[in-house]
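Some notes on the structure that comes next.
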Amino acid sequence: MEPKALAMEIAKILDDKKASRLKVLRVHDLTVMADYFVIASGTSSTHVKSLAEEVEFKMKENFGTLPIRTEGFHTKNWFILDYASVIVHVFTPEARDFYDLEHLWADGEDVTPEFDG
C-alpha cells in the first residue's frame with residue numbers, strides 16, 4: 001500500500017474509534033524515518049490503548065499488515081505503531097501536550113483528512 005493511502009486508512013480507523021485531535025503530517029522531505037506521521041489523542045489511557053489496538057487489529061485484518069515495531073504498551077500514555085512509511089502516535093491529552101509533536105514537526109505538510117459524521 002502506498003504511504004499516503006496507508007496513512008489515510010489509519011486515520012480513518014482512528015476516526016471511527018472516536019480519536020480526537022487527529023492529524024496527518026507528511027514528513028517525507030524532513031526525515032528518513034517515515035513519509036507520514038499520524039497523530040491522535042484518546043480521552044484516557046484506556047481509550048488510547050484501545051485506539052492503538054484497533055489500528056493494529058484492523059490493519060492486520062483488512063490488509064495483512066503488521067507494524068514492524070510497537071512502543072508504549074507498558075506506559076499507556078503514548079503508543080507508537082511503526083508501519084515503516086507511516087508512524088502512528090496515539091497519546092493521552094497530557095502526553096500529547098507535553099511532547100508537542102506538531103510543534104517539533106511544524107515544517108511537515110498537514111494532509112489531515114476530513115471525515116463525514
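Labels for the C-alpha cells follow display order: chains A, B, ..., residues from 1 in each chain, ligands from 1.
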
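All residues of chain A that DSSP, run on the backbone, classes as strand (DSSP E) are A:Ser20, A:Arg21, A:Leu22, A:Lys23, A:Val24, A:Leu25, A:Arg26, A:Tyr36, A:Phe37, A:Val38, A:Ile39, A:Ala40, A:Ser41, A:Arg69, A:Thr70, A:Glu71, A:Trp78, A:Phe79, A:Ile80, A:Leu81, A:Asp82, A:Val86, A:Ile87, A:Val88, A:His89, A:Val90, A:Phe91, A:Glu109, A:Asp110.
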
Contacts of A:Arg96 within 9 Å, only C-alpha atoms, excl. fewer than 5 positions in-chain, as JSON, numbers by chain: {"A": [39, 40, 41, 77, 78, 90, 91, 101]}

DSSP-assigned alpha helix (DSSP H) among chain A, expressed as a ChimeraX atom specification: /A:3-16,45-63,93-99,101-104

Selection: 8 Å around A:Asp110, only C-alpha atoms, excl. self and same-chain fewer than 5 positions, as a PyMOL selection string: chain A and resi 23-26

Which residue of A:Met1, A:Gly42, A:Lys49, A:His74 approaches A:Arg21 most closely, using only C-alpha atoms: A:Gly42

A:Arg69, A:His28, A:Lys17, A:Lys76 ranked by distance to A:Leu51, top pick (using only C-alpha atoms): A:Lys17
